[in-house]
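As structure tokens, the structure follows; a few thoughts come after it.
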Amino acid sequence: MASTEEIRSNLAEIVNEIAGIPVEDVQLDKSFTDDLDVDSLSMVEVVVAAEEKFDVKIPDDEVKNLKTVGDAVAFIERAQNG
Amino acid sequence: MSTITPSTGAEYAGILGIGSYRPRRVVPNSEILEHIDSSDEWIQTRSGIKERRWADDDETVLMMSVNAAKDALTDSGIDPAEIGCVIVATVTHLYQTPAIATRIAVEVGAPTAAAFDISAACAGFCYGVAMANDLVRGGSAKYVLAIGVERLSDLTDRTDRSTAFIFADGAGAAIVGPTDEPGIGPVVWGSDGTQHQVISQKESWQEAAGSYNWPHLQMDGNPVFRWASFAMAKTAQQALDVAGVKAEQLDLFVPHQANMRITDAMRKALKLPEHVKVARDIERQGNTSAASIPLAITAMREAGEASSGDLALIIGFGAGLVYAAQVIRVP
């Protein structure tokens, strides 16, 4: 099972590839929209890439709850364990 | 025992001519911003749209369709009297009956052609071309006029900041007929009614009756973006596969002009080579639903980006949800 840090690091690479944000900026306490300037459409692209990378399902209804990088990492951890 | 003589059609069909009509009035983002709290920068980064065309009162669904159809007829060199069927894809001919197709048939010089409208939203043009292909190959019509036409501005809520900047007006038309070589690949099409609510008319006509306002279109952007960008890229790939065409053999990629971000995401997911020219008519034309693909193809021809004989991958997708994709040869 991937550690929290591994998930964060892989997610940071996805955010970097889609939105061009430096990987070191993608930390657990950062808000996707307010801190990282990831808009709602890029967020959808991040979610789809994360589903493939982590082999989880992230429903549309859930996306709006993933406000910070930490929210997303925690969701992926729960989904992988579930 | 007596038997029924079956119809026999052409071995192959293709698009013989294509035409379009763009409304006169250019509506810049600044005009949209008079009614919504947004910015030119926000609209452009979320959609790629710089301006769109909205029809004036005299630029009716009929008028725009007839102009596009005459343009396509001239392009094809076909005698209009030989048109056996007129298919009109639209969601903005605001009468339940009769179909607008019958009047278009009269105006273009095919007064006795079979004529009907179809409701397949932004997939309408691809649905029409698929049916036209089968009608020609099945022997039900020698030539078919397939039209995509919309006046979406009539159903646009000018105060809805999530859709007011997107929708626009225009018409496109194609003449489909017999060809020596296959000109239209097998269609990959379908629907997903479980997502009927993500793009829809908000009020029924009955609910709108008596109110000053007409019904409006509404759209839940993020689920639509997800479906269009990723599920539809797979559909587009299937259309290539069933046609036996590889991405590197394509000249053009002409997706429904829904949103530049969807086009970019699809292009990336399809891993299209650099030489494949991608339709970006949405920048100047907005989202014209069923009309967007023929409008984009004619724009690419006028700009010298598309030539006769080019192989193009076209895909329409929208409210329903419905979708259709095929490989075509540009006339």
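Residues are referred to by chain and number: the chain letter is A, B, ... according to the order shown in the structure tokens, the number counts from 1 in that chain, and ligands are numbered separately from 1 in the order shown.
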
So that I can check the secondary structure, give me every residue of chain A assigned helix (DSSP H, G or I) by backbone DSSP, as number ranges by chain.
A: 4-19, 23-25, 40-54, 60-63, 69-81

Selected residues, C-alpha atoms, written as a PDB file, in the first residue's frame, please.
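Listed below is the output, selection_39.pdb:
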ATOM      1  CA  THR A   4       0.790   9.226   2.204  1.00  0.00           C
ATOM      2  CA  GLU A   5       4.036  10.736   0.973  1.00  0.00           C
ATOM      3  CA  GLU A   6       4.127   8.461  -2.087  1.00  0.00           C
ATOM      4  CA  ILE A   7       0.575   9.424  -3.021  1.00  0.00           C
ATOM      5  CA  ARG A   8       1.329  13.132  -2.535  1.00  0.00           C
ATOM      6  CA  SER A   9       4.448  12.860  -4.636  1.00  0.00           C
ATOM      7  CA  ASN A  10       2.686  11.025  -7.485  1.00  0.00           C
ATOM      8  CA  LEU A  11      -0.213  13.469  -7.326  1.00  0.00           C
ATOM      9  CA  ALA A  12       2.257  16.361  -7.475  1.00  0.00           C
ATOM     10  CA  GLU A  13       3.655  14.960 -10.707  1.00  0.00           C
ATOM     11  CA  ILE A  14       0.158  14.779 -12.183  1.00  0.00           C
ATOM     12  CA  VAL A  15      -0.612  18.370 -11.136  1.00  0.00           C
ATOM     13  CA  ASN A  16       2.714  19.437 -12.609  1.00  0.00           C
ATOM     14  CA  GLU A  17       2.024  17.764 -15.928  1.00  0.00           C
ATOM     15  CA  ILE A  18      -1.528  19.097 -16.297  1.00  0.00           C
ATOM     16  CA  ALA A  19      -1.305  22.562 -14.781  1.00  0.00           C
ATOM     17  CA  VAL A  23       6.023  19.657  -7.853  1.00  0.00           C
ATOM     18  CA  GLU A  24       7.516  21.120  -4.656  1.00  0.00           C
ATOM     19  CA  ASP A  25       4.540  23.510  -4.368  1.00  0.00           C
ATOM     20  CA  SER A  40     -12.142  23.533 -12.221  1.00  0.00           C
ATOM     21  CA  LEU A  41     -11.502  22.009 -15.656  1.00  0.00           C
ATOM     22  CA  SER A  42      -7.838  21.268 -14.904  1.00  0.00           C
ATOM     23  CA  MET A  43      -9.060  19.735 -11.633  1.00  0.00           C
ATOM     24  CA  VAL A  44     -11.215  17.318 -13.661  1.00  0.00           C
ATOM     25  CA  GLU A  45      -8.130  16.386 -15.710  1.00  0.00           C
ATOM     26  CA  VAL A  46      -6.133  15.857 -12.500  1.00  0.00           C
ATOM     27  CA  VAL A  47      -8.898  13.643 -11.102  1.00  0.00           C
ATOM     28  CA  VAL A  48      -9.068  11.486 -14.246  1.00  0.00           C
ATOM     29  CA  ALA A  49      -5.275  11.084 -14.301  1.00  0.00           C
ATOM     30  CA  ALA A  50      -5.308  10.237 -10.571  1.00  0.00           C
ATOM     31  CA  GLU A  51      -8.007   7.588 -11.123  1.00  0.00           C
ATOM     32  CA  GLU A  52      -5.730   5.859 -13.627  1.00  0.00           C
ATOM     33  CA  LYS A  53      -2.557   6.275 -11.599  1.00  0.00           C
ATOM     34  CA  PHE A  54      -4.001   5.074  -8.295  1.00  0.00           C
ATOM     35  CA  ASP A  60     -17.989  13.920  -9.920  1.00  0.00           C
ATOM     36  CA  ASP A  61     -19.921  14.580  -6.702  1.00  0.00           C
ATOM     37  CA  GLU A  62     -16.773  13.996  -4.695  1.00  0.00           C
ATOM     38  CA  VAL A  63     -14.526  16.335  -6.687  1.00  0.00           C
ATOM     39  CA  VAL A  69      -4.009  18.401  -1.794  1.00  0.00           C
ATOM     40  CA  GLY A  70      -4.435  16.720   1.610  1.00  0.00           C
ATOM     41  CA  ASP A  71      -8.159  16.135   0.912  1.00  0.00           C
ATOM     42  CA  ALA A  72      -7.289  14.403  -2.347  1.00  0.00           C
ATOM     43  CA  VAL A  73      -4.514  12.308  -0.824  1.00  0.00           C
ATOM     44  CA  ALA A  74      -6.810  11.236   2.043  1.00  0.00           C
ATOM     45  CA  PHE A  75      -9.587  10.314  -0.406  1.00  0.00           C
ATOM     46  CA  ILE A  76      -7.192   8.226  -2.505  1.00  0.00           C
ATOM     47  CA  GLU A  77      -5.855   6.478   0.620  1.00  0.00           C
ATOM     48  CA  ARG A  78      -9.398   5.631   1.764  1.00  0.00           C
ATOM     49  CA  ALA A  79     -10.408   4.465  -1.715  1.00  0.00           C
ATOM     50  CA  GLN A  80      -7.353   2.230  -1.990  1.00  0.00           C
ATOM     51  CA  ASN A  81      -7.959   0.726   1.450  1.00  0.00           C
TER      52      ASN A  81
END

For chain B against chain A, with a cut-off of 8 Å and counting only C-alpha atoms, what is the closest atom pair and its distance in Å to one decimal for every residue that makes the cut, ordered by chain and number, as a tab-separated table?
residue	atom	partner	partner_atom	distance
B:Arg46	CA	A:Leu41	CA	7.5
B:Asn222	CA	A:Leu41	CA	6.5
B:Pro223	CA	A:Asp60	CA	6.2
B:Phe225	CA	A:Leu41	CA	7.1
B:Arg226	CA	A:Val44	CA	6.3
B:Arg261	CA	A:Leu41	CA	7.9

Taking only region 89-176 of chain B into account, list the residues labelled strand (DSSP E) by DSSP (computed from the backbone), as a ChimeraX atom specification.
/B:89,114-118,143-151,169-176

Could you pull the residues within 8 Å of Lys70 (chain B), counting only C-alpha atoms, minus those fewer than 4 positions along the same chain, as a PyMOL selection string?
chain B and resi 19+66+74+108

For the residues in the current selection, export N, CA and C atoms as a PDB file, in the first residue's frame.
ATOM      1  N   GLY B  19     -21.161  23.120 -47.050  1.00  0.00           N
ATOM      2  CA  GLY B  19     -21.396  24.567 -47.045  1.00  0.00           C
ATOM      3  C   GLY B  19     -21.779  25.042 -45.659  1.00  0.00           C
ATOM      4  N   VAL B  66     -31.029  27.261 -45.555  1.00  0.00           N
ATOM      5  CA  VAL B  66     -31.111  27.338 -47.018  1.00  0.00           C
ATOM      6  C   VAL B  66     -29.801  27.893 -47.588  1.00  0.00           C
ATOM      7  N   THR B  74     -23.773  23.954 -54.474  1.00  0.00           N
ATOM      8  CA  THR B  74     -22.832  24.526 -55.438  1.00  0.00           C
ATOM      9  C   THR B  74     -21.494  23.805 -55.354  1.00  0.00           C
ATOM     10  N   VAL B 108     -34.646  24.836 -51.498  1.00  0.00           N
ATOM     11  CA  VAL B 108     -33.399  24.491 -52.194  1.00  0.00           C
ATOM     12  C   VAL B 108     -33.658  23.819 -53.545  1.00  0.00           C
TER      13      VAL B 108
END

Quick one: pull the distance between CA of Glu181 (chain B) and CA of Pro273 (chain B), Å, one decimal.
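A separation of 25.4 Å between them.
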
Can you tell me how far CA of Arg301 (chain B) sits from CA of Phe125 (chain B), in Å to one decimal?
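That distance, rounded to one decimal, is 18.0 Å.
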
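For the residues B:Ile18, B:Val245, B:Ile175, B:Ala55, ranking by smallest atom-to-atom distance to Met300 (chain B) using only C-alpha atoms places B:Ile18 first.
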
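Coordinates place CA of Ala120 (chain B) at a distance of 27.7 Å from CA of Lys246 (chain B).
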
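Nearest-residue note for Thr92 (chain B): choosing from B:Glu150, B:Asp157, B:Asp220, B:Glu203, the minimum distance belongs to B:Glu150, counting only C-alpha atoms.
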
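All residues of protein, DNA or RNA that reach within 7 Å of region 28-41 of chain B, judged by only C-alpha atoms and not counting those fewer than 3 positions away in the chain, are Gln44, Thr45, Lys50, Glu51, Arg52, Arg158, Thr159, Asp160, Arg161, Ala164 and Phe165 of chain B.
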
Using only C-alpha atoms, which of B:Gln237, B:Ser140, B:Thr156, B:Asn287 sits nearest Lys202 (chain B)?
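For Lys202 (chain B), the nearest of the given residues is B:Thr156.
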
Distance query Ile328 (chain B) at most 10 Å, only C-alpha atoms, self and fewer than 5 positions along chain excluded, as a PyMOL selection string:
chain B and resi 14-15+129+182-186+243+250+252+309-314
